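A.B. asks: This is the structure I want to talk about, given as structure tokens.
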Amino acid sequence: MEAIANVVMNRLGHEGFPKTICKVVMQGREQGDCQFSWWCDGHSDDAEEDKSYAIAKEIARKALNRQLKDRTGGALYFQQRKATSSWSAEYIKTVVVGEHVFYKPHGGTAK
């Protein structure tokens, strides 16, 4: 959860991305291809487990207060470890966290 929050915060205000957290998270919905698939996957966003929800709220609080250490090395993109994509070869792999691989662009410019 922290690493995904890092990507959201890294995108915030970065050229090529929206200027608000909500718009960063919702980006792509208008084309039906959300940047963050959980936003438009059709599943309920209601918390099912109190403990996980409490952890998520604490991560969000830290991210909003700029207290969350960037575990991704400045990543602007990520994908599941098992996924294959044509776009990932264009980027620098920064780190693997759990089941996700994180990337940033060469030269720092988002595409």
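So you can find residues: chains in the structure tokens are A, B, ... in the order shown, residues in each start at 1, and ligands are numbered from 1 in order.
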Please identify which residues in chain A DSSP calls alpha helix (DSSP H) from the backbone, and express them as a ChimeraX atom specification.

C.D. replies: /A:2-11,21-26,50-64

A.B. asks: Using the chain letters and numbers from this document, which residues of chain A does DSSP assign to strand (DSSP E or B), as number ranges by chain?

C.D. replies: A: 77-80, 91-97, 100-105

A.B. asks: Env of region 65-70 of chain A: 10 Å cut, atoms = only C-alpha atoms, seq-sep filter 4 positions within chain, self excluded. Answer as a list of chain:residue names.

C.D. replies: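 Contacts, with the query itself left out: A:Glu2, A:Ala3, A:Ile4, A:Ala5, A:Asn6, A:Val7, A:Met9, A:Asn10, A:Glu58, A:Ile59, A:Ala60, A:Arg61, A:Gly74, A:Ala75.
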
A.B. asks: Take the residues from that selection and put them in a file with N, CA, C and O atoms, as an mmCIF file, in the first residue's frame.

C.D. replies:
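Just written: result-v2.cif:
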data_model
loop_
_atom_site.group_PDB
_atom_site.id
_atom_site.type_symbol
_atom_site.label_atom_id
_atom_site.label_comp_id
_atom_site.auth_asym_id
_atom_site.auth_seq_id
_atom_site.Cartn_x
_atom_site.Cartn_y
_atom_site.Cartn_z
ATOM 1 N N GLU A 2 1.953 1.218 0.763
ATOM 2 C CA GLU A 2 2.824 2.395 0.817
ATOM 3 C C GLU A 2 3.422 2.711 -0.546
ATOM 4 O O GLU A 2 3.482 3.873 -0.947
ATOM 5 N N ALA A 3 3.869 1.693 -1.245
ATOM 6 C CA ALA A 3 4.510 1.915 -2.541
ATOM 7 C C ALA A 3 3.523 2.493 -3.558
ATOM 8 O O ALA A 3 3.881 3.371 -4.355
ATOM 9 N N ILE A 4 2.282 2.034 -3.530
ATOM 10 C CA ILE A 4 1.277 2.579 -4.439
ATOM 11 C C ILE A 4 0.999 4.038 -4.075
ATOM 12 O O ILE A 4 0.876 4.902 -4.942
ATOM 13 N N ALA A 5 0.914 4.325 -2.773
ATOM 14 C CA ALA A 5 0.740 5.707 -2.326
ATOM 15 C C ALA A 5 1.915 6.563 -2.788
ATOM 16 O O ALA A 5 1.738 7.730 -3.177
ATOM 17 N N ASN A 6 3.119 5.998 -2.769
ATOM 18 C CA ASN A 6 4.294 6.728 -3.258
ATOM 19 C C ASN A 6 4.128 7.114 -4.722
ATOM 20 O O ASN A 6 4.444 8.245 -5.110
ATOM 21 N N VAL A 7 3.634 6.203 -5.546
ATOM 22 C CA VAL A 7 3.443 6.508 -6.968
ATOM 23 C C VAL A 7 2.439 7.638 -7.136
ATOM 24 O O VAL A 7 2.663 8.562 -7.926
ATOM 25 N N MET A 9 1.725 10.026 -5.031
ATOM 26 C CA MET A 9 2.343 11.279 -4.603
ATOM 27 C C MET A 9 3.450 11.721 -5.569
ATOM 28 O O MET A 9 3.636 12.911 -5.795
ATOM 29 N N ASN A 10 4.184 10.764 -6.147
ATOM 30 C CA ASN A 10 5.220 11.115 -7.123
ATOM 31 C C ASN A 10 4.605 11.730 -8.376
ATOM 32 O O ASN A 10 5.190 12.618 -8.994
ATOM 33 N N GLU A 58 -3.805 5.219 7.820
ATOM 34 C CA GLU A 58 -2.550 5.734 8.361
ATOM 35 C C GLU A 58 -1.554 6.023 7.238
ATOM 36 O O GLU A 58 -0.848 7.035 7.250
ATOM 37 N N ILE A 59 -1.503 5.156 6.243
ATOM 38 C CA ILE A 59 -0.628 5.389 5.086
ATOM 39 C C ILE A 59 -1.076 6.654 4.353
ATOM 40 O O ILE A 59 -0.250 7.496 3.985
ATOM 41 N N ALA A 60 -2.374 6.817 4.170
ATOM 42 C CA ALA A 60 -2.894 8.012 3.507
ATOM 43 C C ALA A 60 -2.563 9.268 4.311
ATOM 44 O O ALA A 60 -2.165 10.292 3.745
ATOM 45 N N ARG A 61 -2.706 9.196 5.627
ATOM 46 C CA ARG A 61 -2.388 10.350 6.476
ATOM 47 C C ARG A 61 -0.932 10.751 6.312
ATOM 48 O O ARG A 61 -0.599 11.920 6.113
ATOM 49 N N GLY A 74 11.291 7.082 -6.620
ATOM 50 C CA GLY A 74 10.763 8.078 -7.540
ATOM 51 C C GLY A 74 9.912 7.526 -8.665
ATOM 52 O O GLY A 74 9.685 8.199 -9.664
ATOM 53 N N ALA A 75 9.396 6.326 -8.505
ATOM 54 C CA ALA A 75 8.611 5.690 -9.567
ATOM 55 C C ALA A 75 7.334 6.456 -9.873
ATOM 56 O O ALA A 75 6.683 7.006 -8.993
#

A.B. asks: Excluding Lys57 (chain A) and any residue of its chain fewer than 4 positions from it, enumerate the residues within 12 Å of it, using only C-alpha atoms, and give them as a list of chain:residue names.

C.D. replies: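 Residues meeting the cut-off are A:Met1, A:Glu2, A:Ala5, A:Ala47, A:Asp50, A:Lys51, A:Ser52, A:Tyr53, A:Arg61, A:Lys62, A:Ala63, A:Leu64.
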
A.B. asks: As an exercise, work out the distance from CA of Ile92 (chain A) to CA of Lys23 (chain A) in Å and give it to one decimal place.

C.D. replies: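 Spanning CA of Ile92 (chain A) to CA of Lys23 (chain A) is a straight-line distance of 24.8 Å.
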
A.B. asks: Skipping near chain neighbours, those fewer than 6 positions away, what residues fall within 6 Å of region 102-106 of chain A using only C-alpha atoms, listed as a PyMOL selection string?

C.D. replies: chain A and resi 75-78+91-95

A.B. asks: May I have the residues within 6 Å of region 97-101 of chain A as a PDB file with N, CA, C and O atoms, in the first residue's frame, using only C-alpha atoms and disregarding those fewer than 2 positions away in the same chain?

C.D. replies:
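Now in around-v6.pdb:
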ATOM      1  N   PHE A  78       3.880   1.473 -12.300  1.00  0.00           N
ATOM      2  CA  PHE A  78       4.070   0.151 -11.721  1.00  0.00           C
ATOM      3  C   PHE A  78       3.186  -0.841 -12.454  1.00  0.00           C
ATOM      4  O   PHE A  78       2.254  -0.465 -13.165  1.00  0.00           O
ATOM      5  N   GLN A  79       3.507  -2.092 -12.278  1.00  0.00           N
ATOM      6  CA  GLN A  79       2.674  -3.170 -12.802  1.00  0.00           C
ATOM      7  C   GLN A  79       2.873  -4.406 -11.935  1.00  0.00           C
ATOM      8  O   GLN A  79       3.837  -4.481 -11.171  1.00  0.00           O
ATOM      9  N   GLN A  80       1.954  -5.336 -12.059  1.00  0.00           N
ATOM     10  CA  GLN A  80       2.104  -6.587 -11.331  1.00  0.00           C
ATOM     11  C   GLN A  80       3.317  -7.326 -11.876  1.00  0.00           C
ATOM     12  O   GLN A  80       3.613  -7.268 -13.067  1.00  0.00           O
ATOM     13  N   ARG A  81       4.002  -8.016 -10.980  1.00  0.00           N
ATOM     14  CA  ARG A  81       5.238  -8.711 -11.337  1.00  0.00           C
ATOM     15  C   ARG A  81       5.039  -9.687 -12.499  1.00  0.00           C
ATOM     16  O   ARG A  81       5.885  -9.810 -13.367  1.00  0.00           O
TER      17      ARG A  81
END

A.B. asks: For the atom pair CA of Gly28 (chain A) and CA of Cys40 (chain A), what is the interatomic distance in Å to one decimal place?

C.D. replies: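 These two atoms are separated by 9.6 Å.
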